[in-house]
Amino acid sequence: MNIHPSTVPSSSRRRESPVPPRWPNGLVYITTMRYHTSVPPNIRLQICPNATPSNQIRSPMSSSISIRIITDTSHPAHGQYGLFASKKIPPRSHIIDYIGEVHCDDRPDSDYDLSLLRTEGYSVGVDASRIGNEARFINDFRGVRPKANAVFQDRRIPGGELRMSVWSSTDAIKKGDEILVSYGEHRVKDGGVQGAWKPLRDHDTFRGFHTTPPHYASKDPYTVLGVNKDATAAEIKKVYFSLARKYHPDTNPDKGAQEKFVEIQEAYDTLKDDKKRAAYDRYGTASQQPGFDADAFENARSSFMGGGGFGGFQGFASGFGAAGGRGSTNMFEELFNSLGGHGSPRGNMRGGDIEASIGISFMDSCKGTSQTINVTTVANCGTCSGTGLKAGAKRSTCTSCGGTGTRTFALDNGFHMASTCPTCQGTGSTVPRGSKCGECAGMGQVRVKKSVKVDIPAGVEDGMTIRVPRAGDASLSGKGQPGDLHVRVTVSPSKLFRRQGTNLYHDARIPLHTALLGGRVRVPTLDGEVDVRVPGGTQQGEEMVLKGRGVPSVFGGDKGDIFVTFTIQMPRTLTKRQREILQQYADEVEGRTTPSARPTPQNSSSSGTSSSSNKDAMPSDDQNGTASSFKSSPSSRTGGPLSRAWGSVRRLFGSDTP
Ligand SMILES: C[S@@+](CC[C@H](N)C(=O)[O-])C[C@H]1O[C@@H](n2cnc3c(N)ncnc32)[C@H](O)[C@@H]1O
């Protein structure tokens, strides 16, 4: 079990870029992602492998966009803002990243919450409702234009952070045109766009996106249409028409017809266009993604792969996959593995860490305790033993990524970036239709509640985190180690002690006569109360130290001390006799003689006894032997008139003489 002080990072202050023109007051403009506390450390690591989130990567298009108020009264978002092209934006160009607050909590009221990733049971969003950049002003195309001219596509930026980026689609965006995306069909209701950008919780197709995923053919178009690689344009067209007629959703009531129809459309879109077909033949499915740049791809190939020949994207992809048979030293493999890995090491990747909190009493924090907490973790499905398959069924290689678990596409700056394959969620394989395990719906994993015993060592402090190894989520592959459970400890404050490190501080209230004459006071310790002797002449605020009675250090070492601070309680009223005696005391202190206030014979003798020894004013250890030092001021050790009045004062104000 490991313990460390809370390390919730206080985000360092960064200089942000100047606010763009027409940025509304009251909104915070940021160019780096902010991470909300709802993002667990393991998820944050998946999104941003580096400790510091990268700055907004300035796209070459950043000077081509501007925020404008929508003045067109026919626009459904009239009076609101939109993002416009201030210069021509070429097709398939990276326009901007969607920057905001990365979070894992539910934000049902935000209209600016865009889904970034779904992983390990978490739905990660980027919410730009209060803080964000220009991308938050991008509207939906419905009611504005017949179709969207931009798409969302996730990507890893140089530095490794996962971002949702906006790209122009296959056509250029003209200067002055509004940049419009599709928020997704489900968001259109009664002619208006409602609650846009919110996550689609239970829709497989939209995994990883709140919005419609960018449209690009993810399957082999030749296979989809059932034509040979060397089929002529006329042959392809003929097959397409016959398949389109067969699967058209208007005429085919089958459940899967619409999906098949879309696949056919996508395949035909690729093969009917000579350029697209040639790109597909050379680079595979990656070539159909927005932003794919064949030249940059070639450059990357020659620089990263040493110019070695390979036949196309699929061949390339297998270069870093487990089954590819290539050496494991190419840079892509290293990059991918460092980003969460989709090559062979992924199979053994440990499960995710989970977090929980626990509340304990002050006394338990000092003495240590053991508690059982209930947590919900991801566990391998008991029915299919984590395979996600029905008995006897087999997984098939993911056709979107060729089994690599990663999709690669080109950025407009010439880099190629990896992102988790949305079809297989990085596993490299999919469960064939009808083969899914009924218990876990093909996931191989289920969420289970379990009890975990957490040993809390003596000395733990408020805000510390205790790590319970391997009590977290099961590994995705079922082969790696489970993640850890991080338990944040909240310690309730004590009414008796203040704590500083291993030392404890206690305020002991003592009556005036005990302070003056000495006496005893009951002082709490971690092992029960002890009787502490108060030296006569104790001053307000003086301290006594009970050595070794403090808290043990959680990191090992000696126990601290208890510091007892004396607070003297003054009587609010005095009887006549008390007043007389005090008057006598005052006279003596000030050198006056008042007959009426002179002490009686008994008083004199008592006073004489006390004054002769003056022992009450001397510091002494308590009878339990715990008090080992006493810090007193020299002024408390005065004798003379004070000592002569001791006997009277003792009789009048108290009886607990030492
Ligand atoms: C992400 S914001 C877009 C920026 C927003 N127009 C603004 O000024 O802040 C999403 C919101 O914009 C509005 N919106 C965007 N596209 C729309 C459309 N096509 N029709 C109606 N409202 C739209 C809706 O109010 C929606 O909740």
# chains A, B, ... in the order shown; residues from 1 in each chain; ligands from 1
>>> select_by_dssp(residues="stretch 374-526 of chain A", states="helix (DSSP H, G or I)", output="PyMOL selection string")
chain A and resi 512-517
>>> residues_near_ligand(ligand="ligand 1", cutoff="9 Å", atoms="only C-alpha atoms and all ligand atoms", output="ChimeraX atom specification")
/A:68-70,75-83,110-114,128-129,135-145,180-183,188,191-197
>>> residues_around(residues="A:Thr565", least_positions_apart="2", cutoff="12 Å", atoms="only C-alpha atoms", output="VMD selection string")
chain A and resid 496 to 498 504 to 510 521 523 532 534 538 to 546 562 to 563 567 to 568 630 to 632
>>> atom_distance(atom1="atom CA of A:Gln578", atom2="atom CA of A:Thr514")
15.6 Å
>>> atom_distance(atom1="atom CA of A:Val554", atom2="atom CA of A:Gly459")
4.6 Å
>>> closest_residue(among="A:Arg130, A:Arg282, A:Lys147, A:Lys175", to="A:Ser64", atoms="only C-alpha atoms")
A:Lys175
>>> closest_residue(among="A:Val446, A:Leu389, A:Ala234, A:Cys401", to="A:Gly434", atoms="only C-alpha atoms")
A:Leu389
>>> decode(residues="stretch 486-538 of chain A", atoms="C-alpha atoms", output="JSON list (two decimals), in the first residue's frame")
[["chain", "number", "residue", "atom", "x", "y", "z"],
["A", 486, "HIS", "CA", -6.54, 5.14, -4.94],
["A", 487, "VAL", "CA", -8.37, 5.98, -1.75],
["A", 488, "ARG", "CA", -8.41, 9.61, -0.73],
["A", 489, "VAL", "CA", -8.64, 9.98, 3.03],
["A", 490, "THR", "CA", -10.66, 12.71, 4.70],
["A", 491, "VAL", "CA", -9.94, 13.12, 8.39],
["A", 492, "SER", "CA", -12.58, 14.80, 10.52],
["A", 493, "PRO", "CA", -11.19, 17.57, 12.70],
["A", 494, "SER", "CA", -10.60, 17.01, 16.40],
["A", 495, "LYS", "CA", -12.15, 19.10, 19.17],
["A", 496, "LEU", "CA", -9.14, 18.41, 21.39],
["A", 497, "PHE", "CA", -6.13, 18.72, 19.14],
["A", 498, "ARG", "CA", -4.73, 20.67, 16.27],
["A", 499, "ARG", "CA", -2.19, 18.75, 14.25],
["A", 500, "GLN", "CA", 0.96, 19.97, 12.57],
["A", 501, "GLY", "CA", 3.04, 17.18, 11.09],
["A", 502, "THR", "CA", 3.54, 14.68, 13.87],
["A", 503, "ASN", "CA", 2.98, 17.19, 16.68],
["A", 504, "LEU", "CA", -0.34, 17.80, 18.39],
["A", 505, "TYR", "CA", -1.44, 21.03, 20.08],
["A", 506, "HIS", "CA", -3.92, 21.15, 22.93],
["A", 507, "ASP", "CA", -5.31, 24.18, 24.77],
["A", 508, "ALA", "CA", -5.71, 23.47, 28.50],
["A", 509, "ARG", "CA", -7.90, 25.86, 30.45],
["A", 510, "ILE", "CA", -6.73, 26.39, 34.02],
["A", 511, "PRO", "CA", -8.35, 28.47, 36.75],
["A", 512, "LEU", "CA", -6.60, 31.60, 37.96],
["A", 513, "HIS", "CA", -5.70, 30.09, 41.31],
["A", 514, "THR", "CA", -4.07, 27.06, 39.63],
["A", 515, "ALA", "CA", -2.04, 29.41, 37.47],
["A", 516, "LEU", "CA", -0.98, 31.41, 40.48],
["A", 517, "LEU", "CA", -0.48, 28.70, 43.04],
["A", 518, "GLY", "CA", 0.14, 25.66, 40.88],
["A", 519, "GLY", "CA", -2.02, 22.55, 40.71],
["A", 520, "ARG", "CA", -3.04, 19.83, 38.34],
["A", 521, "VAL", "CA", -4.94, 19.69, 35.12],
["A", 522, "ARG", "CA", -6.29, 16.74, 33.11],
["A", 523, "VAL", "CA", -4.83, 16.74, 29.61],
["A", 524, "PRO", "CA", -5.97, 14.41, 26.79],
["A", 525, "THR", "CA", -3.42, 12.31, 24.93],
["A", 526, "LEU", "CA", -3.87, 9.66, 22.24],
["A", 527, "ASP", "CA", -3.79, 7.06, 25.01],
["A", 528, "GLY", "CA", -6.30, 8.68, 27.34],
["A", 529, "GLU", "CA", -6.14, 11.58, 29.79],
["A", 530, "VAL", "CA", -3.12, 12.22, 31.97],
["A", 531, "ASP", "CA", -2.75, 14.38, 35.06],
["A", 532, "VAL", "CA", -0.32, 17.18, 34.44],
["A", 533, "ARG", "CA", 1.08, 19.30, 37.23],
["A", 534, "VAL", "CA", 0.79, 23.02, 36.61],
["A", 535, "PRO", "CA", 3.61, 24.98, 38.20],
["A", 536, "GLY", "CA", 2.60, 27.95, 40.33],
["A", 537, "GLY", "CA", 3.03, 31.26, 38.56],
["A", 538, "THR", "CA", 2.09, 29.83, 35.18]]
